[in-house]
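Asker: Next comes target-v2.cif, mmCIF, C-alpha atoms:
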```
data_target
loop_
_atom_site.group_PDB
_atom_site.id
_atom_site.type_symbol
_atom_site.label_atom_id
_atom_site.label_comp_id
_atom_site.auth_asym_id
_atom_site.auth_seq_id
_atom_site.Cartn_x
_atom_site.Cartn_y
_atom_site.Cartn_z
ATOM 1 C CA MET A 1 56.230 16.558 -6.300
ATOM 2 C CA GLU A 2 57.329 20.006 -7.468
ATOM 3 C CA PRO A 3 60.966 21.096 -6.933
ATOM 4 C CA GLY A 4 59.835 23.620 -4.311
ATOM 5 C CA GLN A 5 58.097 20.837 -2.369
ATOM 6 C CA LEU A 6 61.145 18.593 -1.998
ATOM 7 C CA THR A 7 61.830 16.981 1.348
ATOM 8 C CA PRO A 8 64.958 18.125 3.210
ATOM 9 C CA ALA A 9 66.671 14.869 2.164
ATOM 10 C CA SER A 10 65.827 15.490 -1.488
ATOM 11 C CA GLN A 11 66.976 19.110 -1.276
ATOM 12 C CA LYS A 12 70.304 17.913 0.129
ATOM 13 C CA ALA A 13 70.553 15.338 -2.665
ATOM 14 C CA VAL A 14 70.027 18.035 -5.301
ATOM 15 C CA GLN A 15 72.727 20.201 -3.717
ATOM 16 C CA MET A 16 75.168 17.277 -3.740
ATOM 17 C CA ILE A 17 74.499 16.523 -7.405
ATOM 18 C CA VAL A 18 74.765 20.196 -8.413
ATOM 19 C CA HIS A 19 78.114 20.413 -6.612
ATOM 20 C CA ALA A 20 79.394 17.274 -8.389
ATOM 21 C CA ILE A 21 78.245 18.632 -11.760
ATOM 22 C CA ASN A 22 79.928 21.990 -11.179
ATOM 23 C CA GLN A 23 83.159 20.247 -10.194
ATOM 24 C CA LYS A 24 83.111 18.153 -13.365
ATOM 25 C CA LEU A 25 82.319 21.154 -15.551
ATOM 26 C CA MET A 26 85.603 22.772 -14.558
ATOM 27 C CA SER A 27 87.541 20.033 -16.379
ATOM 28 C CA CYS A 28 85.103 19.321 -19.240
ATOM 29 C CA ASP A 29 85.728 21.025 -22.601
ATOM 30 C CA GLY A 30 82.321 20.345 -24.151
ATOM 31 C CA PRO A 31 78.858 19.445 -22.842
ATOM 32 C CA LEU A 32 78.868 17.320 -19.693
ATOM 33 C CA VAL A 33 76.836 14.093 -19.870
ATOM 34 C CA VAL A 34 75.375 13.035 -16.509
ATOM 35 C CA ALA A 35 73.569 9.758 -15.818
ATOM 36 C CA ILE A 36 70.978 9.878 -13.018
ATOM 37 C CA ASP A 37 70.431 6.185 -12.346
ATOM 38 C CA GLY A 38 68.499 4.166 -9.769
ATOM 39 C CA GLY A 39 65.816 1.521 -9.518
ATOM 40 C CA SER A 40 62.192 2.058 -10.484
ATOM 41 C CA GLY A 41 60.541 4.294 -7.891
ATOM 42 C CA ALA A 42 63.799 5.767 -6.594
ATOM 43 C CA GLY A 43 62.725 9.339 -7.355
ATOM 44 C CA LYS A 44 65.131 10.008 -10.228
ATOM 45 C CA SER A 45 62.764 12.132 -12.297
ATOM 46 C CA THR A 46 61.762 14.293 -9.320
ATOM 47 C CA LEU A 47 65.399 15.045 -8.523
ATOM 48 C CA THR A 48 66.212 15.612 -12.185
ATOM 49 C CA ALA A 49 63.383 18.144 -12.481
ATOM 50 C CA ALA A 50 64.742 19.936 -9.426
ATOM 51 C CA LEU A 51 68.249 19.909 -10.894
ATOM 52 C CA SER A 52 66.961 21.686 -13.979
ATOM 53 C CA SER A 53 65.962 24.653 -11.814
ATOM 54 C CA HIS A 54 69.548 25.002 -10.565
ATOM 55 C CA ILE A 55 71.597 24.423 -13.709
ATOM 56 C CA GLU A 56 71.238 24.884 -17.445
ATOM 57 C CA ALA A 57 70.529 21.343 -18.599
ATOM 58 C CA THR A 58 68.792 19.329 -21.282
ATOM 59 C CA VAL A 59 67.096 16.221 -19.909
ATOM 60 C CA ILE A 60 66.824 13.008 -21.928
ATOM 61 C CA HIS A 61 64.359 10.466 -20.542
ATOM 62 C CA CYS A 62 65.722 6.980 -21.147
ATOM 63 C CA ASP A 63 62.188 5.518 -21.123
ATOM 64 C CA ASP A 64 61.675 7.275 -24.470
ATOM 65 C CA PHE A 65 64.121 4.746 -25.919
ATOM 66 C CA PHE A 66 62.625 1.535 -24.565
ATOM 67 C CA SER A 67 63.242 -1.233 -27.097
ATOM 68 C CA ALA A 68 60.029 -1.122 -29.089
ATOM 69 C CA THR A 69 60.422 -4.260 -31.207
ATOM 70 C CA ILE A 70 60.657 -6.878 -28.429
ATOM 71 C CA SER A 71 57.414 -8.632 -27.501
ATOM 72 C CA SER A 72 56.198 -9.432 -23.985
ATOM 73 C CA SER A 73 56.781 -13.154 -24.552
ATOM 74 C CA GLU A 74 60.339 -12.459 -25.655
ATOM 75 C CA TRP A 75 61.013 -10.334 -22.578
ATOM 76 C CA ASP A 76 59.741 -13.123 -20.346
ATOM 77 C CA ALA A 77 62.071 -15.622 -22.030
ATOM 78 C CA TYR A 78 65.148 -13.432 -21.530
ATOM 79 C CA SER A 79 67.567 -13.761 -18.634
ATOM 80 C CA PRO A 80 67.969 -10.842 -16.213
ATOM 81 C CA GLU A 81 71.256 -9.999 -17.961
ATOM 82 C CA GLN A 82 69.575 -9.888 -21.375
ATOM 83 C CA LYS A 83 66.723 -7.735 -20.085
ATOM 84 C CA CYS A 84 68.924 -5.053 -18.534
ATOM 85 C CA ARG A 85 71.185 -4.998 -21.607
ATOM 86 C CA ARG A 86 68.444 -4.836 -24.234
ATOM 87 C CA CYS A 87 65.575 -2.889 -22.682
ATOM 88 C CA ILE A 88 66.968 0.487 -23.784
ATOM 89 C CA ASP A 89 67.933 1.024 -27.430
ATOM 90 C CA TRP A 90 71.373 2.483 -26.769
ATOM 91 C CA GLN A 91 72.130 2.941 -30.454
ATOM 92 C CA ARG A 92 69.208 5.362 -30.713
ATOM 93 C CA VAL A 93 70.267 7.159 -27.543
ATOM 94 C CA ARG A 94 73.764 7.556 -28.893
ATOM 95 C CA PHE A 95 73.114 8.470 -32.521
ATOM 96 C CA GLU A 96 69.755 10.260 -32.344
ATOM 97 C CA VAL A 97 70.318 12.312 -29.210
ATOM 98 C CA LEU A 98 73.717 12.368 -27.550
ATOM 99 C CA GLU A 99 75.947 12.730 -30.581
ATOM 100 C CA PRO A 100 73.920 15.606 -32.099
ATOM 101 C CA LEU A 101 73.743 17.420 -28.754
ATOM 102 C CA LEU A 102 77.455 16.919 -28.119
ATOM 103 C CA ALA A 103 78.041 18.499 -31.531
ATOM 104 C CA SER A 104 75.851 21.481 -30.498
ATOM 105 C CA LYS A 105 73.053 20.433 -32.851
ATOM 106 C CA VAL A 106 69.344 20.032 -32.134
ATOM 107 C CA ALA A 107 68.325 16.392 -31.618
ATOM 108 C CA LEU A 108 65.003 15.029 -32.929
ATOM 109 C CA TYR A 109 63.541 11.621 -32.190
ATOM 110 C CA HIS A 110 60.283 9.661 -31.922
ATOM 111 C CA PRO A 111 59.707 8.523 -28.309
ATOM 112 C CA TYR A 112 58.524 5.063 -27.306
ATOM 113 C CA SER A 113 54.752 4.515 -27.367
ATOM 114 C CA LEU A 114 52.549 1.601 -26.363
ATOM 115 C CA GLU A 115 49.849 2.781 -28.740
ATOM 116 C CA THR A 116 51.495 2.209 -32.131
ATOM 117 C CA ARG A 117 52.374 -0.898 -34.107
ATOM 118 C CA ASN A 118 56.066 -0.074 -34.371
ATOM 119 C CA GLY A 119 56.314 1.082 -30.740
ATOM 120 C CA LEU A 120 57.181 4.669 -31.617
ATOM 121 C CA ALA A 121 54.975 7.728 -31.255
ATOM 122 C CA ALA A 122 54.127 9.708 -34.387
ATOM 123 C CA HIS A 123 55.255 13.012 -32.897
ATOM 124 C CA TRP A 124 58.809 14.268 -32.645
ATOM 125 C CA VAL A 125 60.641 15.223 -29.476
ATOM 126 C CA SER A 126 63.152 18.038 -29.869
ATOM 127 C CA LYS A 127 66.129 18.517 -27.558
ATOM 128 C CA THR A 128 68.351 21.582 -27.687
ATOM 129 C CA PRO A 129 72.073 21.721 -26.871
ATOM 130 C CA ALA A 130 73.101 22.728 -23.345
ATOM 131 C CA LYS A 131 76.234 22.688 -21.244
ATOM 132 C CA VAL A 132 74.820 19.772 -19.217
ATOM 133 C CA LEU A 133 72.998 16.773 -20.708
ATOM 134 C CA ILE A 134 71.162 14.634 -18.142
ATOM 135 C CA LEU A 135 70.185 11.044 -18.857
ATOM 136 C CA ASP A 136 67.259 10.320 -16.536
ATOM 137 C CA GLY A 137 66.378 6.683 -16.001
ATOM 138 C CA ILE A 138 67.327 3.263 -14.787
ATOM 139 C CA TYR A 139 70.229 1.758 -16.776
ATOM 140 C CA SER A 140 71.387 5.263 -17.785
ATOM 141 C CA ALA A 141 74.885 4.411 -16.500
ATOM 142 C CA HIS A 142 74.996 1.210 -18.562
ATOM 143 C CA PRO A 143 78.446 0.347 -19.986
ATOM 144 C CA GLU A 144 76.965 0.558 -23.517
ATOM 145 C CA ILE A 145 77.412 4.349 -23.396
ATOM 146 C CA SER A 146 80.047 4.733 -20.696
ATOM 147 C CA ASP A 147 82.476 6.194 -23.223
ATOM 148 C CA ILE A 148 80.394 9.376 -23.512
ATOM 149 C CA VAL A 149 79.044 9.693 -19.952
ATOM 150 C CA HIS A 150 81.176 11.900 -17.705
ATOM 151 C CA LEU A 151 79.394 11.611 -14.347
ATOM 152 C CA THR A 152 77.324 8.722 -12.968
ATOM 153 C CA VAL A 153 74.938 9.265 -10.049
ATOM 154 C CA LEU A 154 73.048 6.521 -8.219
ATOM 155 C CA ILE A 155 69.861 7.399 -6.330
ATOM 156 C CA ASN A 156 70.037 4.603 -3.781
ATOM 157 C CA VAL A 157 66.707 3.705 -2.162
ATOM 158 C CA THR A 158 65.755 0.477 -0.393
ATOM 159 C CA PRO A 159 63.971 -2.078 -2.611
ATOM 160 C CA GLN A 160 60.871 -2.050 -0.394
ATOM 161 C CA ALA A 161 60.519 1.742 -0.562
ATOM 162 C CA ARG A 162 61.021 1.705 -4.335
ATOM 163 C CA TYR A 163 58.472 -1.099 -4.725
ATOM 164 C CA GLU A 164 55.854 0.891 -2.798
ATOM 165 C CA ARG A 165 56.575 4.116 -4.701
ATOM 166 C CA HIS A 166 56.383 2.347 -8.050
ATOM 167 C CA ASN A 167 53.002 0.842 -7.226
ATOM 168 C CA LEU A 168 51.719 4.157 -5.879
ATOM 169 C CA ARG A 169 52.795 5.870 -9.100
ATOM 170 C CA GLU A 170 51.064 3.226 -11.225
ATOM 171 C CA GLY A 171 47.958 3.202 -9.037
ATOM 172 C CA HIS A 172 47.944 -0.559 -8.393
ATOM 173 C CA ASP A 173 50.073 -3.519 -7.347
ATOM 174 C CA ASP A 174 51.960 -3.865 -10.627
ATOM 175 C CA ALA A 175 52.568 -7.598 -10.174
ATOM 176 C CA ASP A 176 53.215 -8.456 -13.821
ATOM 177 C CA TRP A 177 55.736 -5.643 -14.168
ATOM 178 C CA HIS A 178 57.563 -6.692 -10.999
ATOM 179 C CA ALA A 179 57.648 -10.327 -12.115
ATOM 180 C CA ARG A 180 59.293 -9.302 -15.384
ATOM 181 C CA TRP A 181 61.668 -6.540 -14.294
ATOM 182 C CA ASP A 182 62.636 -6.851 -10.606
ATOM 183 C CA SER A 183 65.221 -9.550 -11.333
ATOM 184 C CA ALA A 184 66.735 -7.449 -14.130
ATOM 185 C CA GLU A 185 67.094 -4.451 -11.811
ATOM 186 C CA ASP A 186 68.657 -6.647 -9.114
ATOM 187 C CA TYR A 187 71.130 -8.044 -11.641
ATOM 188 C CA TYR A 188 72.031 -4.599 -12.955
ATOM 189 C CA PHE A 189 72.781 -3.117 -9.522
ATOM 190 C CA THR A 190 74.817 -6.124 -8.393
ATOM 191 C CA ALA A 191 76.628 -7.530 -11.453
ATOM 192 C CA VAL A 192 76.702 -4.609 -13.916
ATOM 193 C CA ARG A 193 76.697 -1.356 -11.932
ATOM 194 C CA PRO A 194 77.045 -2.005 -8.191
ATOM 195 C CA PRO A 195 76.942 1.129 -6.018
ATOM 196 C CA LEU A 196 80.740 1.356 -5.702
ATOM 197 C CA SER A 197 81.043 1.715 -9.485
ATOM 198 C CA PHE A 198 79.188 5.069 -9.479
ATOM 199 C CA ASP A 199 80.905 8.435 -9.166
ATOM 200 C CA LEU A 200 78.319 9.614 -6.639
ATOM 201 C CA VAL A 201 75.861 7.624 -4.528
ATOM 202 C CA ILE A 202 72.916 9.443 -2.946
ATOM 203 C CA ASP A 203 71.349 7.399 -0.154
ATOM 204 C CA MET A 204 67.689 8.333 0.271
#
```
Written as structure tokens, how would this file's structure read?
Answerer:
Amino acid sequence: MEPGQLTPASQKAVQMIVHAINQKLMSCDGPLVVAIDGGSGAGKSTLTAALSSHIEATVIHCDDFFSATISSSEWDAYSPEQKCRRCIDWQRVRFEVLEPLLASKVALYHPYSLETRNGLAAHWVSKTPAKVLILDGIYSAHPEISDIVHLTVLINVTPQARYERHNLREGHDDADWHARWDSAEDYYFTAVRPPLSFDLVIDM
């Protein structure tokens, strides 16, 4: 969905997030780091794309930093807590992207890829400094990087609606994915980052 085709509810959500960002910017000396979090299928990327048309922002997609060295069998042996803690390589997010951008330097990194042996694409992704840095993705408000995130936003959508959207996006009933990751998402949004722990909750 293009930003101009947003539903009234999504347009209102964008306005609320823009207002929160502008409020935070008034008391932030350097770039403002914003986490747009929510379960799979919540519509985070659609709202983030719309945000970019309202504010000067650099968007970092957390999926680019999926932990590339962990096998499927290892994931299936992990507890929900281990999955939500380890699925994103937060050291890469911090050192390859956020710290350079916060220092007003260009950030370069290899994104995650299913097609290569080491799990990283051959091409580089370049991100340029901006006054707002948006982390787009589930777990983006994880405590691992809470020391450099200034504003946390939860896109709060019912599990059933998210489940249907995820499957529609993938084009099939993604049963294996749900079996592996639904429990991790449930754990994250109850034990790690419940809704009340976010600066702003957008109910959709």
Asker: Using all atoms listed in the file, which of the listed residues (A:Ala184, A:Leu102, A:Ile134, A:Ile148) sits closest to Trp90 of chain A?
Answerer: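 Checking each candidate against Trp90 of chain A, we get A:Ile148 as the closest.
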Asker: What would the selection look like, as a PyMOL selection string, if the PyMOL selection byres ((chain A and resi 70) around 12) were run on the coordinates I just shared?
Answerer: chain A and resi 66-69+71-78+82-83+86-89+114+117-119
Asker: Do you know which residues the PyMOL selection byres ((chain A and resi 136) around 6) returns on this file, as a PyMOL selection string?
Answerer: chain A and resi 36+61-62+135+137
Asker: Store the residues picked out above in a file with C-alpha atoms, as a PDB file, in the frame of the given file.
Answerer:
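Here's the written file part-v6.pdb:
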```
ATOM      1  CA  ILE A  36      70.978   9.878 -13.018  1.00  0.00           C
ATOM      2  CA  HIS A  61      64.359  10.466 -20.542  1.00  0.00           C
ATOM      3  CA  CYS A  62      65.722   6.980 -21.147  1.00  0.00           C
ATOM      4  CA  LEU A 135      70.185  11.044 -18.857  1.00  0.00           C
ATOM      5  CA  GLY A 137      66.378   6.683 -16.001  1.00  0.00           C
TER       6      GLY A 137
END
```
Asker: What's the 10 Å shell around Asp186 of chain A, counting all atoms listed in the file, without same-chain residues fewer than 6 positions away, as an MDAnalysis selection string?
Answerer: chainID A and resid 39 80:81 84 159 192 194
Asker: Produce a file of the selected residues containing C-alpha atoms, as a PDB file, in the frame of the given file.
Answerer:
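That gives us part-v3.pdb:
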```pdb
ATOM      1  CA  GLY A  39      65.816   1.521  -9.518  1.00  0.00           C
ATOM      2  CA  PRO A  80      67.969 -10.842 -16.213  1.00  0.00           C
ATOM      3  CA  GLU A  81      71.256  -9.999 -17.961  1.00  0.00           C
ATOM      4  CA  CYS A  84      68.924  -5.053 -18.534  1.00  0.00           C
ATOM      5  CA  PRO A 159      63.971  -2.078  -2.611  1.00  0.00           C
ATOM      6  CA  VAL A 192      76.702  -4.609 -13.916  1.00  0.00           C
ATOM      7  CA  PRO A 194      77.045  -2.005  -8.191  1.00  0.00           C
TER       8      PRO A 194
END
```
Asker: Taking all atoms listed in the file into account, which of A:Asp173, A:Leu101, A:Gly41, A:Asp64 comes nearest Leu133 of chain A?
Answerer: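 Between A:Asp173, A:Leu101, A:Gly41, A:Asp64, the residue approaching Leu133 of chain A most closely is A:Leu101.
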Asker: Hey, what comes out of the PyMOL selection byres ((chain A and resi 123-132) around 7) on this file? Could you write it as a PyMOL selection string?
Answerer: chain A and resi 31-33+56-58+101+104-111+121-122+133-134
Asker: Taking into account all atoms listed in the file, which residue in the set A:Ser40, A:Ser197, A:Ser113, A:Ser53 is nearest to Thr158 of chain A?
Answerer: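 Smallest separation from Thr158 of chain A among the options: A:Ser40.
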